[in-house]
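The next block is input.txt, given as compact mmCIF, C-alpha atoms.
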```txt
# COMPACT_ATOMS: atom_id res chain seq x y z
CA MET A 1 0.00 0.00 0.00
CA LYS A 2 1.26 3.46 -0.83
CA ASP A 3 1.83 5.96 1.93
CA LEU A 4 -0.95 8.43 2.46
CA THR A 5 0.28 11.98 2.21
CA ILE A 6 -1.34 15.19 3.33
CA HIS A 7 -0.42 17.48 0.48
CA ALA A 8 -1.33 20.76 2.11
CA ALA A 9 -3.30 22.12 5.02
CA SER A 10 -4.94 25.46 5.46
CA TYR A 11 -6.57 27.30 8.29
CA LEU A 12 -9.34 29.83 8.11
CA GLY A 13 -11.09 31.27 11.13
CA PRO A 14 -12.31 34.42 12.78
CA GLU A 15 -8.83 35.17 14.09
CA GLY A 16 -6.88 34.68 10.90
CA PHE A 17 -5.97 32.58 7.92
CA GLY A 18 -2.99 30.73 6.57
CA ASN A 19 -1.60 27.42 5.42
CA ASP A 20 1.18 25.07 6.39
CA GLU A 21 3.71 27.25 4.56
CA THR A 22 2.66 30.71 5.65
CA GLY A 23 1.45 29.91 9.15
CA LEU A 24 -1.42 31.75 10.74
CA ARG A 25 -1.78 35.39 9.78
CA ALA A 26 -4.26 37.75 11.38
CA TRP A 27 -6.92 39.23 9.17
CA PRO A 28 -6.07 42.83 8.41
CA ALA A 29 -8.31 45.42 10.01
CA PRO A 30 -11.03 46.61 7.64
CA LEU A 31 -10.08 49.70 5.67
CA LYS A 32 -13.15 51.47 6.93
CA GLU A 33 -15.62 50.89 9.69
CA ASN A 34 -19.11 49.52 9.28
CA LEU A 35 -18.31 47.40 6.26
CA SER A 36 -21.26 45.39 5.05
CA ARG A 37 -21.10 41.59 5.10
CA GLY A 38 -20.46 41.57 1.38
CA GLU A 39 -17.77 44.24 1.52
CA LEU A 40 -15.93 42.44 4.30
CA ASP A 41 -16.11 39.05 2.59
CA GLY A 42 -15.08 40.67 -0.69
CA LEU A 43 -12.05 42.10 1.09
CA HIS A 44 -11.16 38.69 2.51
CA TRP A 45 -11.60 37.01 -0.86
CA SER A 46 -9.33 39.56 -2.52
CA LEU A 47 -6.59 38.58 -0.04
CA LEU A 48 -6.78 34.96 -1.13
CA SER A 49 -7.67 35.05 -4.80
CA ALA A 50 -7.34 37.29 -7.82
CA SER A 51 -10.41 35.76 -9.44
CA ASP A 52 -13.69 37.56 -10.02
CA PRO A 53 -15.57 37.73 -6.70
CA SER A 54 -19.05 38.01 -8.22
CA ARG A 55 -19.85 34.30 -7.96
CA PHE A 56 -18.27 34.09 -4.51
CA LEU A 57 -20.35 36.99 -3.23
CA ARG A 58 -23.59 35.34 -4.24
CA MET A 59 -22.96 32.29 -2.09
CA ASP A 60 -24.04 31.61 1.43
CA LEU A 61 -21.61 31.69 4.30
CA MET A 62 -20.72 27.98 4.25
CA CYS A 63 -19.84 28.10 0.57
CA ARG A 64 -17.78 31.25 1.02
CA ILE A 65 -15.77 29.59 3.77
CA GLY A 66 -15.29 26.46 1.67
CA PHE A 67 -14.17 28.52 -1.31
CA MET A 68 -11.65 30.50 0.73
CA ALA A 69 -10.33 27.41 2.52
CA THR A 70 -9.83 25.65 -0.82
CA GLU A 71 -8.07 28.69 -2.22
CA LEU A 72 -5.72 28.70 0.76
CA LEU A 73 -4.63 25.15 0.04
CA ALA A 74 -2.85 26.59 -3.00
CA VAL A 75 -3.46 23.50 -5.10
CA ASP A 76 -3.06 24.34 -8.77
CA PHE A 77 -6.19 22.56 -9.92
CA ASP A 78 -5.84 23.98 -13.44
CA ALA A 79 -2.52 22.19 -13.81
CA LEU A 80 -3.98 18.82 -12.94
CA PRO A 81 -4.62 16.48 -15.86
CA GLU A 82 -8.22 15.65 -16.64
CA ALA A 83 -7.80 12.08 -15.39
CA ARG A 84 -6.66 13.33 -12.00
CA ARG A 85 -9.63 15.66 -11.76
CA GLU A 86 -11.95 12.72 -12.38
CA SER A 87 -10.50 10.87 -9.42
CA LEU A 88 -10.16 13.82 -7.08
CA GLY A 89 -12.72 13.46 -4.33
CA VAL A 90 -14.13 16.05 -1.95
CA ILE A 91 -15.29 15.47 1.63
CA VAL A 92 -16.78 18.25 3.70
CA GLU A 93 -17.30 17.69 7.40
CA SER A 94 -19.42 19.96 9.49
CA PHE A 95 -21.16 20.03 12.83
CA THR A 96 -23.86 22.59 12.13
CA GLY A 97 -24.18 21.84 8.42
CA SER A 98 -26.35 24.35 6.63
CA LEU A 99 -28.10 25.47 9.81
CA ASN A 100 -27.02 29.06 9.26
CA THR A 101 -28.78 29.17 5.91
CA ASP A 102 -31.66 26.98 7.08
CA ILE A 103 -32.51 29.67 9.62
CA ARG A 104 -32.26 32.37 6.97
CA PHE A 105 -34.57 30.39 4.72
CA ALA A 106 -37.08 29.89 7.55
CA GLN A 107 -37.09 33.64 8.04
CA THR A 108 -37.05 34.52 4.32
CA PRO A 109 -38.18 31.65 2.11
CA ARG A 110 -36.71 32.56 -1.29
CA PRO A 111 -35.42 30.29 -4.07
CA SER A 112 -31.99 31.92 -3.98
CA ILE A 113 -31.62 30.97 -0.31
CA PHE A 114 -33.22 27.55 -0.70
CA ALA A 115 -30.43 26.45 -3.03
CA TYR A 116 -28.03 26.65 -0.11
CA THR A 117 -30.11 24.77 2.47
CA LEU A 118 -28.05 21.62 1.99
CA PRO A 119 -24.68 21.03 3.64
CA SER A 120 -23.50 19.48 0.36
CA THR A 121 -24.05 22.60 -1.75
CA VAL A 122 -20.56 23.83 -0.95
CA ILE A 123 -19.16 20.65 -2.51
CA GLY A 124 -21.01 21.32 -5.72
CA GLU A 125 -19.74 24.89 -5.86
CA ILE A 126 -16.14 23.77 -5.34
CA CYS A 127 -16.42 21.00 -7.92
CA ILE A 128 -17.87 23.40 -10.49
CA ARG A 129 -15.14 25.96 -9.90
CA HIS A 130 -12.27 23.48 -10.20
CA ARG A 131 -13.97 21.03 -12.59
CA LEU A 132 -13.63 18.14 -10.16
CA LYS A 133 -15.51 14.94 -10.99
CA GLY A 134 -14.46 12.44 -8.33
CA PRO A 135 -16.52 11.03 -5.46
CA VAL A 136 -17.95 13.46 -2.92
CA LEU A 137 -19.30 13.12 0.60
CA SER A 138 -20.91 15.49 3.07
CA LEU A 139 -20.51 14.51 6.71
CA ILE A 140 -22.42 15.85 9.68
CA ALA A 141 -20.45 14.86 12.75
CA PRO A 142 -20.17 15.96 16.37
CA ASP A 143 -16.43 16.51 16.12
CA THR A 144 -15.31 19.73 14.51
CA ASP A 145 -11.72 18.95 13.68
CA GLY A 146 -12.33 17.20 10.36
CA ALA A 147 -10.94 13.89 11.61
CA ASN A 148 -13.88 11.93 10.20
CA ALA A 149 -13.29 13.42 6.76
CA LEU A 150 -9.62 12.43 6.86
CA THR A 151 -10.50 8.91 7.99
CA GLU A 152 -12.98 8.47 5.19
CA ALA A 153 -10.56 9.97 2.67
CA ALA A 154 -7.87 7.51 3.71
CA GLU A 155 -10.30 4.67 3.07
CA TRP A 156 -11.09 6.03 -0.40
CA LEU A 157 -7.41 6.19 -1.22
CA ARG A 158 -6.77 2.67 0.08
CA ALA A 159 -9.72 1.30 -1.87
CA GLY A 160 -8.69 3.11 -5.03
CA ASP A 161 -11.93 5.10 -5.17
CA ALA A 162 -9.92 8.31 -5.45
CA GLU A 163 -6.34 9.34 -6.09
CA MET A 164 -6.54 12.54 -4.11
CA VAL A 165 -9.16 13.88 -1.71
CA LEU A 166 -9.87 17.43 -0.72
CA CYS A 167 -10.98 17.43 2.93
CA LEU A 168 -12.67 20.42 4.50
CA GLY A 169 -13.96 21.05 8.01
CA ILE A 170 -16.41 23.92 7.82
CA GLU A 171 -18.67 25.70 10.28
CA ALA A 172 -20.78 28.63 9.21
CA ILE A 173 -21.85 29.07 12.81
CA ASN A 174 -19.22 29.41 15.45
CA VAL A 175 -19.91 26.21 17.33
CA SER A 176 -18.09 27.15 20.50
CA THR A 177 -20.08 30.36 20.67
CA ALA A 178 -23.44 29.49 19.25
CA ILE A 179 -24.15 25.97 20.38
CA PRO A 180 -23.42 26.38 24.08
CA PHE A 181 -26.07 29.07 24.31
CA PRO A 182 -29.34 27.54 23.26
CA CYS A 183 -31.49 29.44 25.71
CA ARG A 184 -31.57 32.27 28.21
CA LYS A 185 -29.79 30.23 30.88
CA LEU A 186 -26.56 30.74 29.06
CA SER A 187 -24.23 30.15 31.97
CA ARG A 188 -25.56 26.65 32.55
CA HIS A 189 -24.36 25.34 29.24
CA THR A 190 -21.03 24.03 28.20
CA ALA A 191 -19.87 23.17 24.74
CA GLY A 192 -19.74 19.48 25.63
CA THR A 193 -23.27 19.48 26.99
CA ALA A 194 -24.57 21.27 23.97
CA ARG A 195 -22.83 18.97 21.55
CA ARG A 196 -24.25 15.91 23.26
CA CYS A 197 -27.64 17.57 23.27
CA CYS A 198 -27.41 18.22 19.56
CA TRP A 199 -26.06 14.84 18.69
CA ASP A 200 -28.71 13.04 20.73
CA GLY A 201 -31.34 15.16 19.05
CA LEU A 202 -32.95 16.24 22.30
CA LYS A 203 -36.19 18.02 21.81
CA ILE A 204 -35.96 20.18 24.86
CA CYS A 205 -33.41 22.63 26.15
CA PRO A 206 -30.99 20.78 28.46
CA ALA A 207 -30.40 23.68 30.83
CA LYS A 208 -31.36 22.99 34.42
CA ASN A 209 -34.85 24.18 35.25
CA CYS A 210 -35.45 25.10 31.63
CA SER A 211 -38.29 23.44 29.80
CA SER A 212 -38.33 25.54 26.67
CA PRO A 213 -39.73 23.35 23.92
CA ALA A 214 -37.72 22.65 20.83
CA ARG A 215 -39.29 22.90 17.44
CA LEU A 216 -39.77 19.38 16.25
CA GLY A 217 -38.48 18.38 12.88
CA THR A 218 -35.03 18.55 11.48
CA PHE A 219 -31.76 17.75 13.13
CA ALA A 220 -30.79 21.36 12.70
CA GLU A 221 -33.80 22.54 14.60
CA SER A 222 -33.24 20.12 17.45
CA CYS A 223 -29.66 21.40 17.60
CA VAL A 224 -30.77 24.75 18.92
CA PRO A 225 -33.75 24.16 21.16
CA CYS A 226 -34.48 27.80 21.85
CA ARG A 227 -33.85 28.99 18.34
CA ASN A 228 -35.83 32.18 18.72
CA THR A 229 -33.82 33.14 21.75
CA LEU A 230 -30.62 32.43 19.89
CA ALA A 231 -31.72 34.55 16.98
CA LYS A 232 -32.91 37.50 19.04
CA THR A 233 -31.04 37.59 22.32
CA ASN A 234 -27.68 36.29 21.29
CA ARG A 235 -27.32 37.88 17.90
CA GLY A 236 -25.08 40.59 19.28
CA LYS A 237 -22.97 38.10 21.15
CA LEU A 238 -22.63 35.87 18.13
CA ARG A 239 -21.48 38.75 16.00
CA LEU A 240 -19.04 39.85 18.66
CA HIS A 241 -17.36 36.46 18.77
CA ASN A 242 -17.79 35.61 15.17
CA THR A 243 -17.44 38.81 13.22
CA LEU A 244 -15.83 37.08 10.32
CA TRP A 245 -18.53 34.61 9.52
CA ASN A 246 -21.92 35.67 10.72
CA PRO A 247 -24.03 37.43 8.08
CA MET B 1 -41.80 52.88 -17.45
CA GLU B 2 -38.32 54.08 -16.50
CA SER B 3 -39.23 54.20 -12.82
CA LEU B 4 -40.56 50.64 -13.01
CA ILE B 5 -37.31 49.55 -14.66
CA GLU B 6 -35.33 51.10 -11.83
CA GLU B 7 -37.62 49.45 -9.30
CA LEU B 8 -37.08 46.07 -10.93
CA LYS B 9 -33.33 46.62 -10.98
CA THR B 10 -33.37 47.22 -7.24
CA LYS B 11 -35.48 44.13 -6.60
CA ILE B 12 -33.26 41.97 -8.80
CA ILE B 13 -30.08 43.15 -7.11
CA ALA B 14 -31.53 42.45 -3.67
CA GLY B 15 -33.36 39.25 -4.58
CA PHE B 16 -30.49 37.75 -6.55
CA ASN B 17 -27.96 38.80 -3.91
CA LEU B 18 -25.86 40.66 -6.46
CA GLU B 19 -23.46 42.26 -4.04
CA GLY B 20 -21.29 44.87 -5.68
CA VAL B 21 -23.70 45.41 -8.58
CA THR B 22 -25.43 48.79 -8.89
CA PRO B 23 -28.58 49.59 -10.90
CA ALA B 24 -26.39 51.48 -13.36
CA ASP B 25 -24.53 48.26 -14.14
CA ILE B 26 -27.66 46.65 -15.57
CA ASN B 27 -28.52 47.50 -19.17
CA PRO B 28 -32.33 47.37 -19.46
CA ASP B 29 -32.14 46.42 -23.13
CA GLU B 30 -29.82 43.43 -22.72
CA PRO B 31 -31.13 39.91 -22.08
CA ILE B 32 -31.62 39.31 -18.36
CA PHE B 33 -30.13 35.83 -18.61
CA GLY B 34 -27.01 34.84 -20.49
CA THR B 35 -25.23 38.16 -20.04
CA GLY B 36 -22.65 39.56 -17.67
CA LEU B 37 -24.75 39.07 -14.56
CA GLU B 38 -24.15 35.30 -14.79
CA LEU B 39 -27.65 34.43 -13.66
CA ASP B 40 -28.80 30.82 -13.52
CA SER B 41 -31.97 28.76 -13.23
CA ILE B 42 -32.29 29.50 -9.53
CA ASP B 43 -32.34 33.19 -10.40
CA ALA B 44 -35.13 32.53 -12.86
CA LEU B 45 -37.09 30.94 -10.02
CA GLU B 46 -36.29 33.92 -7.84
CA LEU B 47 -37.56 36.28 -10.52
CA VAL B 48 -40.80 34.31 -10.82
CA ALA B 49 -41.15 34.51 -7.02
CA ILE B 50 -40.63 38.28 -7.11
CA LEU B 51 -43.31 38.68 -9.77
CA GLU B 52 -45.73 36.61 -7.70
CA SER B 53 -45.07 38.18 -4.34
CA ASP B 54 -44.57 41.79 -5.35
CA TYR B 55 -46.81 42.17 -8.39
CA GLY B 56 -49.33 39.36 -8.11
CA ILE B 57 -48.30 37.92 -11.46
CA VAL B 58 -48.26 34.14 -11.91
CA ILE B 59 -46.42 32.77 -14.91
CA THR B 60 -47.55 29.32 -15.94
CA GLU B 61 -46.23 29.03 -19.49
CA ARG B 62 -42.64 28.87 -20.65
CA ALA B 63 -43.39 30.94 -23.75
CA VAL B 64 -44.71 33.78 -21.60
CA ALA B 65 -41.58 33.70 -19.46
CA ASP B 66 -39.29 33.69 -22.49
CA LYS B 67 -40.93 36.82 -23.80
CA ALA B 68 -41.16 38.60 -20.43
CA PHE B 69 -37.57 37.79 -19.47
CA ALA B 70 -36.11 38.85 -22.81
CA SER B 71 -34.82 42.05 -21.24
CA LEU B 72 -35.49 44.24 -18.24
CA ARG B 73 -37.47 46.63 -20.42
CA ALA B 74 -39.59 43.76 -21.71
CA LEU B 75 -40.10 42.63 -18.12
CA ALA B 76 -41.18 46.11 -17.06
CA GLU B 77 -43.69 46.25 -19.90
CA PHE B 78 -44.97 42.79 -18.92
CA VAL B 79 -45.33 43.83 -15.28
CA ALA B 80 -47.10 47.07 -16.19
CA ALA B 81 -49.59 45.17 -18.34
CA ASN B 82 -50.25 42.29 -15.93
CA ARG B 83 -49.79 43.50 -12.36
CA THR B 84 -52.76 43.08 -10.07
```
Would you mind writing the file's structure down as structure tokens?
Amino acid sequence: MKDLTIHAASYLGPEGFGNDETGLRAWPAPLKENLSRGELDGLHWSLLSASDPSRFLRMDLMCRIGFMATELLAVDFDALPEARRESLGVIVESFTGSLNTDIRFAQTPRPSIFAYTLPSTVIGEICIRHRLKGPVLSLIAPDTDGANALTEAAEWLRAGDAEMVLCLGIEAINVSTAIPFPCRKLSRHTAGTARRCCWDGLKICPAKNCSSPARLGTFAESCVPCRNTLAKTNRGKLRLHNTLWNP
Amino acid sequence: MESLIEELKTKIIAGFNLEGVTPADINPDEPIFGTGLELDSIDALELVAILESDYGIVITERAVADKAFASLRALAEFVAANRT
């Protein structure tokens, strides 16, 4: 069996960006205050790519993050032969999936938002951009370090299902900030508790003495039992901790 | 008619999430689809939704859509003639 090699690794987060060659670099301060979401993301994209940002700016947050993370890997996809592109797989692992956009769609049900209410949409966008035709997989997992994606990718390589696999760990919602605070009793939650709550699909807020009902239905909804509280009360806090990613 | 064209431009920019595009960037006499705006089938759905929600117009036939979506000016004329 051939050795499995990690070709490149990149990092993209609220505090900075970089790859295994450049190391972590802090995002530069915005050139002016009160930049809109689009202006700020356009600025970030311009740091990572010289390509036209119009398509990028039409995407939801998860796709934007996936695009930027892929750009940071500095893989010259254009130089790859067609045969390699057809066996280049993509795995995206996420904890919150498309929850960010699901909530937007629930608030504003429009076709342009609906297209992004799948955690796999980012894979399609990446494959279109780089003309990749290999196997793809979208994983929803309680771990946020992308380990499951790497494990699955290794299996693909061993089995000969792919020659190269692009692995991404993406969160459009800052898990450490958003998930621990599903209701007003913020201090009672920990990240671990919240993750277990989400993974077990509890239908009620786990905070002590809190019986706020969850909205029944999707996994995403059961992830955040007091969704209305999250959306209204914690919006400022979320933005404070997650200024890079929250729309 | 010109004010309706400007109104439609604003709705399209907002509805299609065309960040960085201004109304002046949209030529009302060019085809809405297949030009520099790089719109796709989802945008066509979005445009149909805008017509339904904002102007009470329901398009049920492809031929009607082809004619109405030929350009922004054609769309404005279609809206003016069919809005409820």
Determine, for each residue of chain A having at least one atom at most 12 Å from an atom of chain B, the closest pair of atoms and their separation in Å to one decimal, counting only C-alpha atoms; order by chain and ascending number, as CSV.
```
residue,atom,partner,partner_atom,distance
A:Ser36,CA,B:Glu19,CA,9.9
A:Arg37,CA,B:Glu19,CA,9.5
A:Gly38,CA,B:Glu19,CA,6.2
A:Glu39,CA,B:Gly20,CA,8.0
A:Leu40,CA,B:Glu19,CA,11.2
A:Asp41,CA,B:Glu19,CA,10.4
A:Gly42,CA,B:Gly20,CA,9.0
A:Leu43,CA,B:Gly20,CA,11.8
A:Asp52,CA,B:Gly20,CA,11.4
A:Pro53,CA,B:Gly20,CA,9.2
A:Ser54,CA,B:Glu19,CA,7.4
A:Arg55,CA,B:Glu38,CA,8.1
A:Phe56,CA,B:Glu19,CA,9.7
A:Leu57,CA,B:Glu19,CA,6.2
A:Arg58,CA,B:Asn17,CA,5.6
A:Met59,CA,B:Asn17,CA,8.4
A:Asp60,CA,B:Asn17,CA,9.8
A:Thr108,CA,B:Gly15,CA,10.7
A:Pro109,CA,B:Ala49,CA,10.0
A:Arg110,CA,B:Glu46,CA,6.7
A:Pro111,CA,B:Glu46,CA,5.3
A:Ser112,CA,B:Ile42,CA,6.1
A:Ile113,CA,B:Phe16,CA,9.3
A:Phe114,CA,B:Ile42,CA,9.1
A:Ala115,CA,B:Ile42,CA,7.4
A:Tyr116,CA,B:Ile42,CA,10.7
```
If you count only C-alpha atoms, which residues fall within 12 Å of stretch 51-58 of chain B, apart from same-chain ones fewer than 3 positions away, as a PyMOL selection string? (chain A and resi 109-110) or (chain B and resi 4+7-8+11-12+15+44-48+61-62+64-65+68-69+75-76+78-84)
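Of the listed residues B:Thr60, B:Ser71, B:Ser3, B:Thr10, the one whose atoms come nearest to B:Asn27 is B:Ser71, with distances taken using only C-alpha atoms.
Between atom CA of A:Gly13 and atom CA of A:Gln107 the separation is 26.3 Å.
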Quick one, how far is atom CA of A:Ala147 from atom CA of A:Asp102?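 Interatomic distance, atom CA of A:Ala147 to atom CA of A:Asp102: 24.9 Å.
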Under the rule that all atoms listed in the file are counted, which of A:Arg64, A:Arg129, A:His7, A:Arg158 is the nearest residue to A:His44?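 Between A:Arg64, A:Arg129, A:His7, A:Arg158, the residue approaching A:His44 most closely is A:Arg64.
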So how many Å separate atom CA of A:Val75 and atom CA of A:Thr22, to one decimal? 14.3 Å
Identify which of the residues A:Ala69, A:Ser98, A:Arg85, A:Cys63 lies closest to A:Ala8, counting all atoms listed in the file when measuring atom-to-atom distances.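 Once distances to A:Ala8 are computed over all atoms listed in the file, the minimum belongs to A:Ala69.
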Please output stretch 10-32 of chain B, rebuilt to include N, CA, C and O atoms, as a PDB file, in the frame of the given file.
```pdb
ATOM      1  N   THR B  10     -33.623  47.284  -8.689  1.00  0.00           N
ATOM      2  CA  THR B  10     -33.370  47.220  -7.240  1.00  0.00           C
ATOM      3  C   THR B  10     -33.818  45.878  -6.669  1.00  0.00           C
ATOM      4  O   THR B  10     -33.114  45.258  -5.862  1.00  0.00           O
ATOM      5  N   LYS B  11     -34.980  45.410  -7.103  1.00  0.00           N
ATOM      6  CA  LYS B  11     -35.480  44.130  -6.600  1.00  0.00           C
ATOM      7  C   LYS B  11     -34.596  42.968  -7.051  1.00  0.00           C
ATOM      8  O   LYS B  11     -34.361  42.014  -6.304  1.00  0.00           O
ATOM      9  N   ILE B  12     -34.118  43.042  -8.282  1.00  0.00           N
ATOM     10  CA  ILE B  12     -33.260  41.970  -8.800  1.00  0.00           C
ATOM     11  C   ILE B  12     -31.930  41.938  -8.046  1.00  0.00           C
ATOM     12  O   ILE B  12     -31.448  40.873  -7.657  1.00  0.00           O
ATOM     13  N   ILE B  13     -31.356  43.098  -7.821  1.00  0.00           N
ATOM     14  CA  ILE B  13     -30.080  43.150  -7.110  1.00  0.00           C
ATOM     15  C   ILE B  13     -30.226  42.570  -5.698  1.00  0.00           C
ATOM     16  O   ILE B  13     -29.392  41.782  -5.240  1.00  0.00           O
ATOM     17  N   ALA B  14     -31.317  42.954  -5.030  1.00  0.00           N
ATOM     18  CA  ALA B  14     -31.530  42.450  -3.670  1.00  0.00           C
ATOM     19  C   ALA B  14     -31.925  40.969  -3.678  1.00  0.00           C
ATOM     20  O   ALA B  14     -31.378  40.167  -2.925  1.00  0.00           O
ATOM     21  N   GLY B  15     -32.851  40.621  -4.560  1.00  0.00           N
ATOM     22  CA  GLY B  15     -33.360  39.250  -4.580  1.00  0.00           C
ATOM     23  C   GLY B  15     -32.343  38.242  -5.063  1.00  0.00           C
ATOM     24  O   GLY B  15     -32.296  37.113  -4.586  1.00  0.00           O
ATOM     25  N   PHE B  16     -31.493  38.669  -6.000  1.00  0.00           N
ATOM     26  CA  PHE B  16     -30.490  37.750  -6.550  1.00  0.00           C
ATOM     27  C   PHE B  16     -29.187  37.817  -5.758  1.00  0.00           C
ATOM     28  O   PHE B  16     -28.220  37.140  -6.100  1.00  0.00           O
ATOM     29  N   ASN B  17     -29.163  38.662  -4.727  1.00  0.00           N
ATOM     30  CA  ASN B  17     -27.960  38.800  -3.910  1.00  0.00           C
ATOM     31  C   ASN B  17     -26.752  39.196  -4.753  1.00  0.00           C
ATOM     32  O   ASN B  17     -25.667  38.625  -4.634  1.00  0.00           O
ATOM     33  N   LEU B  18     -26.945  40.208  -5.586  1.00  0.00           N
ATOM     34  CA  LEU B  18     -25.860  40.660  -6.460  1.00  0.00           C
ATOM     35  C   LEU B  18     -25.038  41.737  -5.757  1.00  0.00           C
ATOM     36  O   LEU B  18     -25.123  42.924  -6.081  1.00  0.00           O
ATOM     37  N   GLU B  19     -24.273  41.305  -4.791  1.00  0.00           N
ATOM     38  CA  GLU B  19     -23.460  42.260  -4.040  1.00  0.00           C
ATOM     39  C   GLU B  19     -22.414  42.887  -4.952  1.00  0.00           C
ATOM     40  O   GLU B  19     -21.760  42.195  -5.726  1.00  0.00           O
ATOM     41  N   GLY B  20     -22.265  44.184  -4.843  1.00  0.00           N
ATOM     42  CA  GLY B  20     -21.290  44.870  -5.680  1.00  0.00           C
ATOM     43  C   GLY B  20     -21.845  45.353  -7.004  1.00  0.00           C
ATOM     44  O   GLY B  20     -21.165  46.067  -7.736  1.00  0.00           O
ATOM     45  N   VAL B  21     -23.067  44.972  -7.332  1.00  0.00           N
ATOM     46  CA  VAL B  21     -23.700  45.410  -8.580  1.00  0.00           C
ATOM     47  C   VAL B  21     -24.619  46.580  -8.265  1.00  0.00           C
ATOM     48  O   VAL B  21     -25.357  46.563  -7.285  1.00  0.00           O
ATOM     49  N   THR B  22     -24.562  47.631  -9.084  1.00  0.00           N
ATOM     50  CA  THR B  22     -25.430  48.790  -8.890  1.00  0.00           C
ATOM     51  C   THR B  22     -26.470  48.797 -10.019  1.00  0.00           C
ATOM     52  O   THR B  22     -26.265  48.180 -11.073  1.00  0.00           O
ATOM     53  N   PRO B  23     -27.574  49.515  -9.828  1.00  0.00           N
ATOM     54  CA  PRO B  23     -28.580  49.590 -10.900  1.00  0.00           C
ATOM     55  C   PRO B  23     -27.981  50.082 -12.223  1.00  0.00           C
ATOM     56  O   PRO B  23     -28.395  49.645 -13.301  1.00  0.00           O
ATOM     57  N   ALA B  24     -26.990  50.952 -12.132  1.00  0.00           N
ATOM     58  CA  ALA B  24     -26.390  51.480 -13.360  1.00  0.00           C
ATOM     59  C   ALA B  24     -25.634  50.410 -14.148  1.00  0.00           C
ATOM     60  O   ALA B  24     -25.396  50.559 -15.354  1.00  0.00           O
ATOM     61  N   ASP B  25     -25.267  49.336 -13.467  1.00  0.00           N
ATOM     62  CA  ASP B  25     -24.530  48.260 -14.140  1.00  0.00           C
ATOM     63  C   ASP B  25     -25.434  47.389 -15.011  1.00  0.00           C
ATOM     64  O   ASP B  25     -24.942  46.585 -15.800  1.00  0.00           O
ATOM     65  N   ILE B  26     -26.729  47.512 -14.853  1.00  0.00           N
ATOM     66  CA  ILE B  26     -27.660  46.650 -15.570  1.00  0.00           C
ATOM     67  C   ILE B  26     -28.248  47.405 -16.763  1.00  0.00           C
ATOM     68  O   ILE B  26     -28.903  48.438 -16.595  1.00  0.00           O
ATOM     69  N   ASN B  27     -27.976  46.908 -17.951  1.00  0.00           N
ATOM     70  CA  ASN B  27     -28.520  47.500 -19.170  1.00  0.00           C
ATOM     71  C   ASN B  27     -29.943  46.972 -19.380  1.00  0.00           C
ATOM     72  O   ASN B  27     -30.130  45.766 -19.551  1.00  0.00           O
ATOM     73  N   PRO B  28     -30.941  47.851 -19.362  1.00  0.00           N
ATOM     74  CA  PRO B  28     -32.330  47.370 -19.460  1.00  0.00           C
ATOM     75  C   PRO B  28     -32.679  46.758 -20.803  1.00  0.00           C
ATOM     76  O   PRO B  28     -33.721  46.113 -20.935  1.00  0.00           O
ATOM     77  N   ASP B  29     -31.829  46.951 -21.797  1.00  0.00           N
ATOM     78  CA  ASP B  29     -32.140  46.420 -23.130  1.00  0.00           C
ATOM     79  C   ASP B  29     -31.367  45.128 -23.438  1.00  0.00           C
ATOM     80  O   ASP B  29     -31.543  44.550 -24.511  1.00  0.00           O
ATOM     81  N   GLU B  30     -30.528  44.692 -22.520  1.00  0.00           N
ATOM     82  CA  GLU B  30     -29.820  43.430 -22.720  1.00  0.00           C
ATOM     83  C   GLU B  30     -30.644  42.274 -22.173  1.00  0.00           C
ATOM     84  O   GLU B  30     -31.465  42.460 -21.269  1.00  0.00           O
ATOM     85  N   PRO B  31     -30.438  41.063 -22.667  1.00  0.00           N
ATOM     86  CA  PRO B  31     -31.130  39.910 -22.080  1.00  0.00           C
ATOM     87  C   PRO B  31     -30.824  39.787 -20.595  1.00  0.00           C
ATOM     88  O   PRO B  31     -29.686  40.024 -20.167  1.00  0.00           O
ATOM     89  N   ILE B  32     -31.836  39.452 -19.808  1.00  0.00           N
ATOM     90  CA  ILE B  32     -31.620  39.310 -18.360  1.00  0.00           C
ATOM     91  C   ILE B  32     -30.716  38.117 -18.074  1.00  0.00           C
ATOM     92  O   ILE B  32     -29.825  38.181 -17.223  1.00  0.00           O
TER      93      ILE B  32
END
```
